[in-house]
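J.: Below you'll find entry20.cif; it's mmCIF, C-alpha atoms.
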data_upload
#
loop_
_atom_site.group_PDB
_atom_site.id
_atom_site.type_symbol
_atom_site.label_atom_id
_atom_site.label_comp_id
_atom_site.auth_asym_id
_atom_site.auth_seq_id
_atom_site.Cartn_x
_atom_site.Cartn_y
_atom_site.Cartn_z
ATOM 1 C CA MET A 5 -122.656 -17.167 -84.385
ATOM 2 C CA SER A 6 -123.318 -13.679 -83.042
ATOM 3 C CA GLU A 7 -126.530 -11.933 -83.950
ATOM 4 C CA GLN A 8 -126.517 -11.325 -87.679
ATOM 5 C CA PRO A 9 -126.730 -7.791 -89.042
ATOM 6 C CA ARG A 10 -129.860 -6.653 -90.776
ATOM 7 C CA ILE A 11 -129.292 -7.503 -94.453
ATOM 8 C CA THR A 12 -131.092 -5.677 -97.249
ATOM 9 C CA VAL A 13 -130.416 -6.685 -100.849
ATOM 10 C CA HIS A 14 -131.196 -4.284 -103.708
ATOM 11 C CA LEU A 15 -131.734 -6.103 -106.974
ATOM 12 C CA LEU A 16 -133.417 -6.478 -110.339
ATOM 13 C CA PRO A 17 -135.283 -9.803 -110.616
ATOM 14 C CA PRO A 18 -133.856 -10.923 -114.008
ATOM 15 C CA SER A 19 -130.244 -10.184 -112.990
ATOM 16 C CA HIS A 20 -127.973 -13.217 -112.748
ATOM 17 C CA PRO A 21 -125.478 -11.570 -110.340
ATOM 18 C CA CYS A 22 -128.479 -10.912 -108.100
ATOM 19 C CA ALA A 23 -129.391 -14.595 -108.353
ATOM 20 C CA THR A 24 -125.821 -15.390 -107.318
ATOM 21 C CA VAL A 25 -126.178 -13.291 -104.159
ATOM 22 C CA GLU A 26 -129.576 -14.716 -103.236
ATOM 23 C CA ALA A 27 -128.267 -18.260 -103.684
ATOM 24 C CA ALA A 28 -125.292 -17.460 -101.443
ATOM 25 C CA LEU A 29 -127.575 -16.074 -98.745
ATOM 26 C CA LYS A 30 -129.557 -19.312 -98.831
ATOM 27 C CA VAL A 31 -126.358 -21.374 -98.592
ATOM 28 C CA LYS A 32 -125.401 -19.379 -95.497
ATOM 29 C CA GLY A 33 -128.898 -19.666 -94.031
ATOM 30 C CA LEU A 34 -129.213 -15.909 -93.561
ATOM 31 C CA GLU A 35 -132.429 -13.936 -93.472
ATOM 32 C CA TYR A 36 -132.591 -10.810 -95.600
ATOM 33 C CA GLU A 37 -134.927 -8.172 -96.953
ATOM 34 C CA ARG A 38 -135.368 -8.248 -100.719
ATOM 35 C CA VAL A 39 -135.867 -4.854 -102.399
ATOM 36 C CA GLU A 40 -136.720 -5.027 -106.099
ATOM 37 C CA LEU A 41 -135.800 -1.882 -108.004
ATOM 38 C CA LYS A 42 -137.352 -0.647 -111.232
ATOM 39 C CA ALA A 43 -135.195 -1.132 -114.312
ATOM 40 C CA GLY A 44 -133.828 2.184 -115.519
ATOM 41 C CA ALA A 45 -134.703 4.032 -112.333
ATOM 42 C CA HIS A 46 -132.361 1.661 -110.491
ATOM 43 C CA ILE A 47 -129.308 3.527 -111.804
ATOM 44 C CA GLU A 48 -129.962 6.667 -109.789
ATOM 45 C CA GLU A 49 -131.130 4.717 -106.729
ATOM 46 C CA MET A 50 -128.060 2.478 -106.665
ATOM 47 C CA GLN A 51 -125.733 5.480 -106.883
ATOM 48 C CA ARG A 52 -127.633 7.161 -104.065
ATOM 49 C CA LEU A 53 -127.253 4.104 -101.866
ATOM 50 C CA TYR A 54 -123.800 2.833 -102.824
ATOM 51 C CA GLY A 55 -121.905 5.828 -104.182
ATOM 52 C CA GLU A 56 -121.144 7.631 -107.412
ATOM 53 C CA GLY A 57 -120.434 5.276 -110.319
ATOM 54 C CA ARG A 58 -121.959 2.250 -108.571
ATOM 55 C CA HIS A 59 -125.091 2.065 -110.669
ATOM 56 C CA THR A 60 -125.354 -1.694 -111.235
ATOM 57 C CA VAL A 61 -127.080 -4.341 -109.131
ATOM 58 C CA PRO A 62 -126.690 -6.117 -106.785
ATOM 59 C CA GLY A 63 -125.958 -4.169 -103.646
ATOM 60 C CA ALA A 64 -126.422 -5.201 -100.040
ATOM 61 C CA MET A 65 -126.665 -3.248 -96.820
ATOM 62 C CA PHE A 66 -125.309 -4.994 -93.724
ATOM 63 C CA ASP A 67 -126.981 -2.769 -91.133
ATOM 64 C CA ASP A 68 -125.664 0.573 -92.433
ATOM 65 C CA GLU A 69 -122.614 -0.872 -94.229
ATOM 66 C CA PRO A 70 -123.022 -0.726 -98.041
ATOM 67 C CA VAL A 71 -121.409 -3.532 -100.053
ATOM 68 C CA HIS A 72 -121.644 -3.325 -103.846
ATOM 69 C CA GLY A 73 -121.227 -6.120 -106.381
ATOM 70 C CA SER A 74 -121.713 -9.864 -106.200
ATOM 71 C CA ILE A 75 -118.092 -10.798 -105.423
ATOM 72 C CA ALA A 76 -117.786 -8.255 -102.607
ATOM 73 C CA ILE A 77 -121.115 -9.388 -101.152
ATOM 74 C CA LEU A 78 -120.112 -13.075 -101.231
ATOM 75 C CA GLU A 79 -116.810 -12.225 -99.525
ATOM 76 C CA ARG A 80 -118.703 -10.310 -96.837
ATOM 77 C CA LEU A 81 -121.050 -13.254 -96.308
ATOM 78 C CA GLU A 82 -118.041 -15.546 -95.904
ATOM 79 C CA GLN A 83 -116.669 -13.258 -93.181
ATOM 80 C CA LEU A 84 -120.031 -13.215 -91.460
ATOM 81 C CA VAL A 85 -120.734 -16.964 -91.646
ATOM 82 C CA PRO A 86 -117.608 -19.004 -92.466
ATOM 83 C CA GLU A 87 -119.444 -22.328 -92.825
ATOM 84 C CA PRO A 88 -120.549 -23.752 -95.155
ATOM 85 C CA ALA A 89 -117.620 -22.238 -97.023
ATOM 86 C CA LEU A 90 -118.050 -20.439 -100.329
ATOM 87 C CA TYR A 91 -114.253 -20.367 -100.632
ATOM 88 C CA PRO A 92 -113.201 -23.846 -99.428
ATOM 89 C CA SER A 93 -109.600 -23.964 -98.247
ATOM 90 C CA ASP A 94 -108.876 -27.307 -99.901
ATOM 91 C CA LEU A 95 -109.278 -25.682 -103.335
ATOM 92 C CA GLY A 96 -106.882 -22.848 -102.527
ATOM 93 C CA ASP A 97 -106.965 -19.950 -104.972
ATOM 94 C CA ALA A 98 -108.794 -21.930 -107.669
ATOM 95 C CA VAL A 99 -112.286 -20.893 -106.585
ATOM 96 C CA PRO A 100 -111.577 -17.124 -106.332
ATOM 97 C CA ALA A 101 -109.819 -17.254 -109.721
ATOM 98 C CA ALA A 102 -112.733 -19.058 -111.386
ATOM 99 C CA GLU A 103 -115.195 -16.735 -109.672
ATOM 100 C CA ARG A 104 -113.324 -13.677 -110.969
ATOM 101 C CA TRP A 105 -113.272 -15.089 -114.514
ATOM 102 C CA GLY A 106 -117.005 -15.743 -114.265
ATOM 103 C CA ASP A 107 -117.561 -12.155 -113.160
ATOM 104 C CA ASP A 108 -115.094 -10.393 -115.488
ATOM 105 C CA VAL A 109 -115.489 -12.430 -118.681
ATOM 106 C CA LEU A 110 -118.517 -14.734 -118.757
ATOM 107 C CA GLN A 111 -121.029 -12.560 -116.935
ATOM 108 C CA ASP A 112 -121.527 -9.996 -119.720
ATOM 109 C CA LEU A 113 -122.519 -12.743 -122.171
ATOM 110 C CA GLY A 114 -125.422 -13.434 -119.827
ATOM 111 C CA ARG A 115 -126.608 -9.912 -120.599
ATOM 112 C CA ARG A 116 -125.711 -9.416 -124.241
ATOM 113 C CA LEU A 117 -126.763 -12.771 -125.691
ATOM 114 C CA PRO A 118 -130.281 -12.940 -124.157
ATOM 115 C CA TRP A 119 -130.965 -9.272 -124.936
ATOM 116 C CA GLY A 120 -129.525 -9.865 -128.388
ATOM 117 C CA ALA A 121 -131.880 -12.786 -129.006
ATOM 118 C CA LEU A 122 -134.854 -10.792 -127.704
ATOM 119 C CA HIS A 123 -134.218 -8.181 -130.401
ATOM 120 C CA PHE A 124 -135.308 -10.811 -132.932
ATOM 121 C CA ARG A 125 -138.083 -12.342 -130.761
ATOM 122 C CA PRO A 126 -139.313 -9.508 -128.498
ATOM 123 C CA GLU A 127 -142.569 -11.272 -127.661
ATOM 124 C CA SER A 128 -140.492 -13.787 -125.667
ATOM 125 C CA MET A 129 -139.739 -11.165 -123.025
ATOM 126 C CA GLY A 130 -143.046 -12.135 -121.445
ATOM 127 C CA THR A 131 -141.668 -15.583 -120.604
ATOM 128 C CA MET A 132 -138.859 -14.177 -118.470
ATOM 129 C CA VAL A 133 -141.009 -14.040 -115.327
ATOM 130 C CA ALA A 134 -142.386 -17.050 -113.492
ATOM 131 C CA GLY A 135 -145.659 -18.147 -115.052
ATOM 132 C CA GLY A 136 -145.256 -15.727 -117.968
ATOM 133 C CA SER A 137 -146.019 -16.342 -121.624
ATOM 134 C CA ALA A 138 -145.337 -14.797 -125.006
ATOM 135 C CA LEU A 139 -146.584 -11.211 -125.222
ATOM 136 C CA ASP A 140 -149.562 -10.000 -127.213
ATOM 137 C CA PRO A 141 -149.037 -7.329 -129.917
ATOM 138 C CA ALA A 142 -149.374 -4.405 -127.501
ATOM 139 C CA GLY A 143 -146.965 -6.038 -125.078
ATOM 140 C CA THR A 144 -144.569 -6.755 -127.917
ATOM 141 C CA ASP A 145 -144.557 -3.074 -128.862
ATOM 142 C CA PHE A 146 -143.496 -2.265 -125.305
ATOM 143 C CA ALA A 147 -140.881 -5.050 -125.344
ATOM 144 C CA MET A 148 -139.379 -3.730 -128.572
ATOM 145 C CA ARG A 149 -138.847 -0.312 -127.009
ATOM 146 C CA PHE A 150 -137.413 -1.883 -123.852
ATOM 147 C CA VAL A 151 -135.026 -4.118 -125.808
ATOM 148 C CA ARG A 152 -133.760 -1.152 -127.825
ATOM 149 C CA GLY A 153 -132.966 0.585 -124.544
ATOM 150 C CA ALA A 154 -131.170 -2.528 -123.274
ATOM 151 C CA TRP A 155 -129.042 -2.668 -126.418
ATOM 152 C CA LYS A 156 -127.981 0.936 -125.853
ATOM 153 C CA TYR A 157 -127.332 0.463 -122.130
ATOM 154 C CA HIS A 158 -125.242 -2.709 -122.633
ATOM 155 C CA ASN A 159 -123.483 -1.412 -125.779
ATOM 156 C CA ILE A 160 -124.811 -4.308 -127.861
ATOM 157 C CA THR A 161 -124.223 -4.388 -131.608
ATOM 158 C CA ALA A 162 -124.710 -7.134 -134.174
ATOM 159 C CA VAL A 163 -120.928 -7.380 -134.569
ATOM 160 C CA ARG A 164 -120.466 -7.775 -130.836
ATOM 161 C CA LEU A 165 -123.145 -10.466 -130.682
ATOM 162 C CA ALA A 166 -121.438 -12.408 -133.465
ATOM 163 C CA GLU A 167 -118.134 -12.146 -131.589
ATOM 164 C CA ASP A 168 -119.756 -13.308 -128.343
ATOM 165 C CA LEU A 169 -121.331 -16.291 -130.065
ATOM 166 C CA ALA A 170 -118.018 -17.247 -131.659
ATOM 167 C CA ALA A 171 -116.260 -17.014 -128.271
ATOM 168 C CA LEU A 172 -118.828 -19.045 -126.322
ATOM 169 C CA PRO A 173 -117.625 -22.598 -127.187
ATOM 170 C CA ALA A 174 -114.136 -21.905 -125.790
ATOM 171 C CA MET A 175 -115.703 -20.489 -122.618
ATOM 172 C CA LEU A 176 -117.804 -23.626 -122.219
ATOM 173 C CA ASP A 177 -114.663 -25.745 -122.685
ATOM 174 C CA ARG A 178 -113.068 -23.787 -119.852
ATOM 175 C CA ILE A 179 -116.080 -24.428 -117.596
ATOM 176 C CA ASP A 180 -115.968 -28.140 -118.463
ATOM 177 C CA ALA A 181 -112.304 -28.122 -117.425
ATOM 178 C CA TYR A 182 -113.226 -26.499 -114.098
ATOM 179 C CA VAL A 183 -115.697 -29.348 -113.524
ATOM 180 C CA ALA A 184 -113.095 -31.972 -114.441
ATOM 181 C CA GLU A 185 -110.638 -30.375 -111.998
ATOM 182 C CA GLY A 186 -113.194 -30.499 -109.178
ATOM 183 C CA ILE A 187 -113.494 -26.716 -108.946
ATOM 184 C CA LEU A 188 -117.167 -26.665 -109.995
ATOM 185 C CA ALA A 189 -120.232 -28.918 -109.558
ATOM 186 C CA GLY A 190 -119.049 -30.554 -106.361
ATOM 187 C CA GLU A 191 -121.258 -31.746 -103.533
ATOM 188 C CA ALA A 192 -121.794 -28.225 -102.156
ATOM 189 C CA PRO A 193 -121.830 -24.941 -104.096
ATOM 190 C CA ASN A 194 -118.895 -22.576 -103.842
ATOM 191 C CA ALA A 195 -118.563 -18.953 -104.965
ATOM 192 C CA ALA A 196 -117.447 -19.925 -108.474
ATOM 193 C CA ASP A 197 -120.405 -22.310 -108.844
ATOM 194 C CA LEU A 198 -122.783 -19.489 -107.961
ATOM 195 C CA GLN A 199 -121.147 -16.886 -110.221
ATOM 196 C CA ILE A 200 -120.770 -19.128 -113.286
ATOM 197 C CA GLY A 201 -123.923 -21.178 -112.765
ATOM 198 C CA ALA A 202 -126.143 -18.102 -112.612
ATOM 199 C CA THR A 203 -124.821 -16.863 -115.957
ATOM 200 C CA LEU A 204 -125.225 -20.279 -117.571
ATOM 201 C CA SER A 205 -128.818 -20.431 -116.340
ATOM 202 C CA VAL A 206 -129.544 -17.218 -118.241
ATOM 203 C CA LEU A 207 -127.835 -18.495 -121.390
ATOM 204 C CA LEU A 208 -130.025 -21.607 -121.231
ATOM 205 C CA THR A 209 -133.096 -19.397 -121.724
ATOM 206 C CA VAL A 210 -131.882 -18.781 -125.300
ATOM 207 C CA GLY A 211 -132.995 -21.697 -127.459
ATOM 208 C CA ASP A 212 -130.192 -21.154 -129.952
ATOM 209 C CA LEU A 213 -127.614 -21.699 -127.186
ATOM 210 C CA ARG A 214 -129.084 -24.792 -125.568
ATOM 211 C CA PRO A 215 -127.483 -27.256 -128.019
ATOM 212 C CA LEU A 216 -124.085 -25.759 -127.175
ATOM 213 C CA ILE A 217 -124.568 -26.222 -123.405
ATOM 214 C CA GLU A 218 -126.824 -29.214 -122.855
ATOM 215 C CA GLY A 219 -125.278 -32.628 -122.393
ATOM 216 C CA ARG A 220 -121.870 -31.357 -121.290
ATOM 217 C CA PRO A 221 -120.395 -30.800 -117.804
ATOM 218 C CA ALA A 222 -121.066 -27.056 -117.972
ATOM 219 C CA GLU A 223 -124.798 -27.773 -117.956
ATOM 220 C CA GLN A 224 -124.486 -29.356 -114.502
ATOM 221 C CA VAL A 225 -123.205 -26.093 -113.061
ATOM 222 C CA ALA A 226 -126.398 -24.302 -114.079
ATOM 223 C CA ARG A 227 -128.896 -27.080 -113.463
ATOM 224 C CA LYS A 228 -127.497 -28.070 -110.081
ATOM 225 C CA TRP A 229 -127.884 -24.650 -108.461
ATOM 226 C CA PHE A 230 -130.181 -22.601 -110.740
ATOM 227 C CA ASP A 231 -132.731 -24.935 -112.281
ATOM 228 C CA ASP A 232 -135.763 -22.707 -111.676
ATOM 229 C CA ARG A 233 -135.019 -19.710 -113.938
ATOM 230 C CA PRO A 234 -137.998 -18.967 -116.229
ATOM 231 C CA GLY A 235 -137.776 -17.842 -119.832
ATOM 232 C CA LEU A 236 -137.278 -19.145 -123.343
ATOM 233 C CA VAL A 237 -136.377 -17.351 -126.546
ATOM 234 C CA PRO A 238 -137.204 -20.029 -129.167
ATOM 235 C CA ALA A 239 -134.410 -21.415 -131.302
ATOM 236 C CA GLY A 240 -133.967 -19.618 -134.600
ATOM 237 C CA ALA A 241 -133.841 -16.118 -133.129
ATOM 238 C CA PHE A 242 -130.279 -15.406 -134.231
ATOM 239 C CA PRO A 243 -129.694 -15.143 -137.992
ATOM 240 C CA THR A 244 -128.478 -18.229 -139.839
ATOM 241 C CA GLY A 245 -124.758 -18.784 -139.474
ATOM 242 C CA TRP A 246 -124.278 -16.690 -136.316
ATOM 243 C CA VAL A 247 -124.453 -19.579 -133.836
ATOM 244 C CA PRO A 248 -121.530 -22.058 -133.833
ATOM 245 C CA SER A 249 -122.290 -25.720 -134.394
ATOM 246 C CA ALA A 250 -122.761 -27.803 -131.279
#
Since I need it in another form, could you write the structure as structure tokens?
T.:
Amino acid sequence: MSEQPRITVHLLPPSHPCATVEAALKVKGLEYERVELKAGAHIEEMQRLYGEGRHTVPGAMFDDEPVHGSIAILERLEQLVPEPALYPSDLGDAVPAAERWGDDVLQDLGRRLPWGALHFRPESMGTMVAGGSALDPAGTDFAMRFVRGAWKYHNITAVRLAEDLAALPAMLDRIDAYVAEGILAGEAPNAADLQIGATLSVLLTVGDLRPLIEGRPAEQVARKWFDDRPGLVPAGAFPTGWVPSA
């Protein structure tokens, strides 16, 4: 392999697409600089670095080449270091298709459902960092303000949360089918594993969702590649009747 470019990744620590990119960099064995941005202020900084309208994380600079978004970054890593493959040829188009579904459809549930649960248990925001714990009253006041901002930023409403919760079982069935077909949870992680697994790892921080995920093939996709994510919103956060039966 020729000398690798200097790689700088701009991210927010809780972000699951950022976790996807960091996991891919580790799979490829590439060194990189990790730049943590401040939530809220990251919007302006990302647009400055990656262009107008590109305000979300992650972004990566390959020397002076900006690449925005987890899928584009994983594709660039595959060009840079073909092996081990994130898009194995023996699976054809199945991995890119599953990866795109994970990015286009599943990924937003990894934002809305945890932030939705934190609305009802804001003190749990303190557990979302390694070694953290439930917040004290002053910290909870701050968390409540932060969660309100997250609801506005992600366009979360109670109706939308109820719709997301109702849709989740069918999405988990789809992930189980990917596992059964050999697309996910194989011996080595591929791009779809890293996209879908990162989102599932975030959903597993919501106690109300754990009974829907645990004990089924979809759980393997999260636990196999992302078993170190901190955080727990205790079960019972969502109002009675919102969460489908396991």
J.: Expand the PyMOL selection byres ((chain A and resi 186) around 12) into the explicit residue set it covers here, and present it as a VMD selection string.
T.: chain A and resid 92 94 to 96 98 to 99 102 179 to 185 187 to 194 196 to 197 221 225
J.: Would you work out the distance separating atom CA of Gly106 of chain A from atom CA of Gln199 of chain A, expressed in Å to one decimal?
T.: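 One can read the atom CA of Gly106 of chain A to atom CA of Gln199 of chain A distance as 5.9 Å.
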J.: List the spatial neighbours of Leu110 of chain A as a PDB file with C-alpha atoms, in the coordinates of the input - criterion: any atom at most 8 Å away, only C-alpha atoms, same-chain residues fewer than 3 positions off excluded.
T.:
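What landed in out-v7.pdb:
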ATOM      1  CA  TRP A 105    -113.272 -15.089-114.514  1.00  0.00           C
ATOM      2  CA  GLY A 106    -117.005 -15.743-114.265  1.00  0.00           C
ATOM      3  CA  ASP A 107    -117.561 -12.155-113.160  1.00  0.00           C
ATOM      4  CA  LEU A 113    -122.519 -12.743-122.171  1.00  0.00           C
ATOM      5  CA  GLY A 114    -125.422 -13.434-119.827  1.00  0.00           C
ATOM      6  CA  MET A 175    -115.703 -20.489-122.618  1.00  0.00           C
ATOM      7  CA  ILE A 200    -120.770 -19.128-113.286  1.00  0.00           C
ATOM      8  CA  THR A 203    -124.821 -16.863-115.957  1.00  0.00           C
TER       9      THR A 203
END
J.: Applied to this file, what does the PyMOL selection byres ((chain A and resi 7) around 12) return in terms of residues, put as a PDB file with C-alpha atoms, in the coordinates of the input?
T.:
ATOM      1  CA  MET A   5    -122.656 -17.167 -84.385  1.00  0.00           C
ATOM      2  CA  SER A   6    -123.318 -13.679 -83.042  1.00  0.00           C
ATOM      3  CA  GLN A   8    -126.517 -11.325 -87.679  1.00  0.00           C
ATOM      4  CA  PRO A   9    -126.730  -7.791 -89.042  1.00  0.00           C
ATOM      5  CA  ARG A  10    -129.860  -6.653 -90.776  1.00  0.00           C
ATOM      6  CA  ILE A  11    -129.292  -7.503 -94.453  1.00  0.00           C
ATOM      7  CA  LEU A  34    -129.213 -15.909 -93.561  1.00  0.00           C
ATOM      8  CA  GLU A  35    -132.429 -13.936 -93.472  1.00  0.00           C
ATOM      9  CA  ASP A  67    -126.981  -2.769 -91.133  1.00  0.00           C
ATOM     10  CA  LEU A  84    -120.031 -13.215 -91.460  1.00  0.00           C
ATOM     11  CA  VAL A  85    -120.734 -16.964 -91.646  1.00  0.00           C
TER      12      VAL A  85
END
J.: Could you work out how far atom CA of Ala28 of chain A lies from atom CA of Asp68 of chain A, giving the answer in Å with one decimal?
T.: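 Interatomic distance, atom CA of Asp68 of chain A to atom CA of Ala28 of chain A: 20.2 Å.
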J.: Here is a test: counting all atoms listed in the file, which residue of A:Val247, A:Leu122, A:Val109, A:Leu198 is nearest to Ala170 of chain A?
T.: A:Val247
J.: Quick one: apply the PyMOL selection byres ((chain A and resi 123) around 10) to the file and drop the selected residues here as an MDAnalysis selection string.
T.: chainID A and resid 117:122 124:129 147:152 154:155 241:242
J.: Quick one, how far is atom CA of Ile47 of chain A from atom CA of Ala202 of chain A?
T.: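 That distance, rounded to one decimal, is 21.9 Å.
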J.: Let me make sure I understand: among A:Leu90, A:Leu208, A:Ile77, A:Leu176, which one has the smallest atom-to-atom distance to Ala222 of chain A if we use all atoms listed in the file?
T.: A:Leu176
J.: Which residues of segment 23-71 of chain A come within 6 Å of segment 13-17 of chain A, and what is each one's closest atom pair and distance in Å (one decimal), counting all atoms listed in the file, sorted by chain and residue number, as CSV?
T.:
residue,atom,partner,partner_atom,distance
A:Arg38,CA,A:Val13,CA,5.2
A:Val39,CA,A:His14,CA,4.9
A:Glu40,CA,A:Leu15,CA,5.2
A:Leu41,CA,A:Leu16,CA,5.7
A:Val61,CA,A:Leu15,CA,5.4
A:Pro62,CA,A:Leu15,CA,5.0
A:Gly63,CA,A:His14,CA,5.2
A:Ala64,CA,A:Val13,CA,4.3
J.: Write a file of the selected residues as a short mmCIF file (atom, residue, chain, number, x, y, z; two decimals), in the frame of the given file, keeping C-alpha atoms.
T.:
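Wrote out.cif, looks like this:
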data_model
loop_
_atom_site.label_atom_id
_atom_site.label_comp_id
_atom_site.auth_asym_id
_atom_site.auth_seq_id
_atom_site.Cartn_x
_atom_site.Cartn_y
_atom_site.Cartn_z
CA ARG A 38 -135.37 -8.25 -100.72
CA VAL A 39 -135.87 -4.85 -102.40
CA GLU A 40 -136.72 -5.03 -106.10
CA LEU A 41 -135.80 -1.88 -108.00
CA VAL A 61 -127.08 -4.34 -109.13
CA PRO A 62 -126.69 -6.12 -106.78
CA GLY A 63 -125.96 -4.17 -103.65
CA ALA A 64 -126.42 -5.20 -100.04
#
J.: Would you place a box with edges along x, y and z of the file around all atoms of segment 26-34 of chain A listed there, add 3 Å to each of its six sides, and report the centre and edge lengths in Å to one decimal, as lines of an AutoDock Vina configuration file?
T.:
center_x = -127.4
center_y = -18.0
center_z = -98.6
size_x = 10.3
size_y = 12.7
size_z = 16.1
J.: Do a neighbour search on Gly235 of chain A at 10 Å with all atoms listed in the file, toss out local chain neighbours closer than 6 positions, and write the hits as a VMD selection string.
T.: chain A and resid 18 118 128 to 138 205 to 206 208 to 211
J.: Please produce a file of those selected residues containing C-alpha atoms, as a PDB file, keeping the file's coordinate frame.
T.:
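For reference, part.pdb as written:
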ATOM      1  CA  PRO A  18    -133.856 -10.923-114.008  1.00  0.00           C
ATOM      2  CA  PRO A 118    -130.281 -12.940-124.157  1.00  0.00           C
ATOM      3  CA  SER A 128    -140.492 -13.787-125.667  1.00  0.00           C
ATOM      4  CA  MET A 129    -139.739 -11.165-123.025  1.00  0.00           C
ATOM      5  CA  GLY A 130    -143.046 -12.135-121.445  1.00  0.00           C
ATOM      6  CA  THR A 131    -141.668 -15.583-120.604  1.00  0.00           C
ATOM      7  CA  MET A 132    -138.859 -14.177-118.470  1.00  0.00           C
ATOM      8  CA  VAL A 133    -141.009 -14.040-115.327  1.00  0.00           C
ATOM      9  CA  ALA A 134    -142.386 -17.050-113.492  1.00  0.00           C
ATOM     10  CA  GLY A 135    -145.659 -18.147-115.052  1.00  0.00           C
ATOM     11  CA  GLY A 136    -145.256 -15.727-117.968  1.00  0.00           C
ATOM     12  CA  SER A 137    -146.019 -16.342-121.624  1.00  0.00           C
ATOM     13  CA  ALA A 138    -145.337 -14.797-125.006  1.00  0.00           C
ATOM     14  CA  SER A 205    -128.818 -20.431-116.340  1.00  0.00           C
ATOM     15  CA  VAL A 206    -129.544 -17.218-118.241  1.00  0.00           C
ATOM     16  CA  LEU A 208    -130.025 -21.607-121.231  1.00  0.00           C
ATOM     17  CA  THR A 209    -133.096 -19.397-121.724  1.00  0.00           C
ATOM     18  CA  VAL A 210    -131.882 -18.781-125.300  1.00  0.00           C
ATOM     19  CA  GLY A 211    -132.995 -21.697-127.459  1.00  0.00           C
TER      20      GLY A 211
END
J.: Hey, which of A:Lys228, A:Asp145, A:His20, A:Ala27 ends up closest to Leu207 of chain A? Count all atoms listed in the file.
T.: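 Using all atoms listed in the file, the shortest distance to Leu207 of chain A belongs to A:His20.
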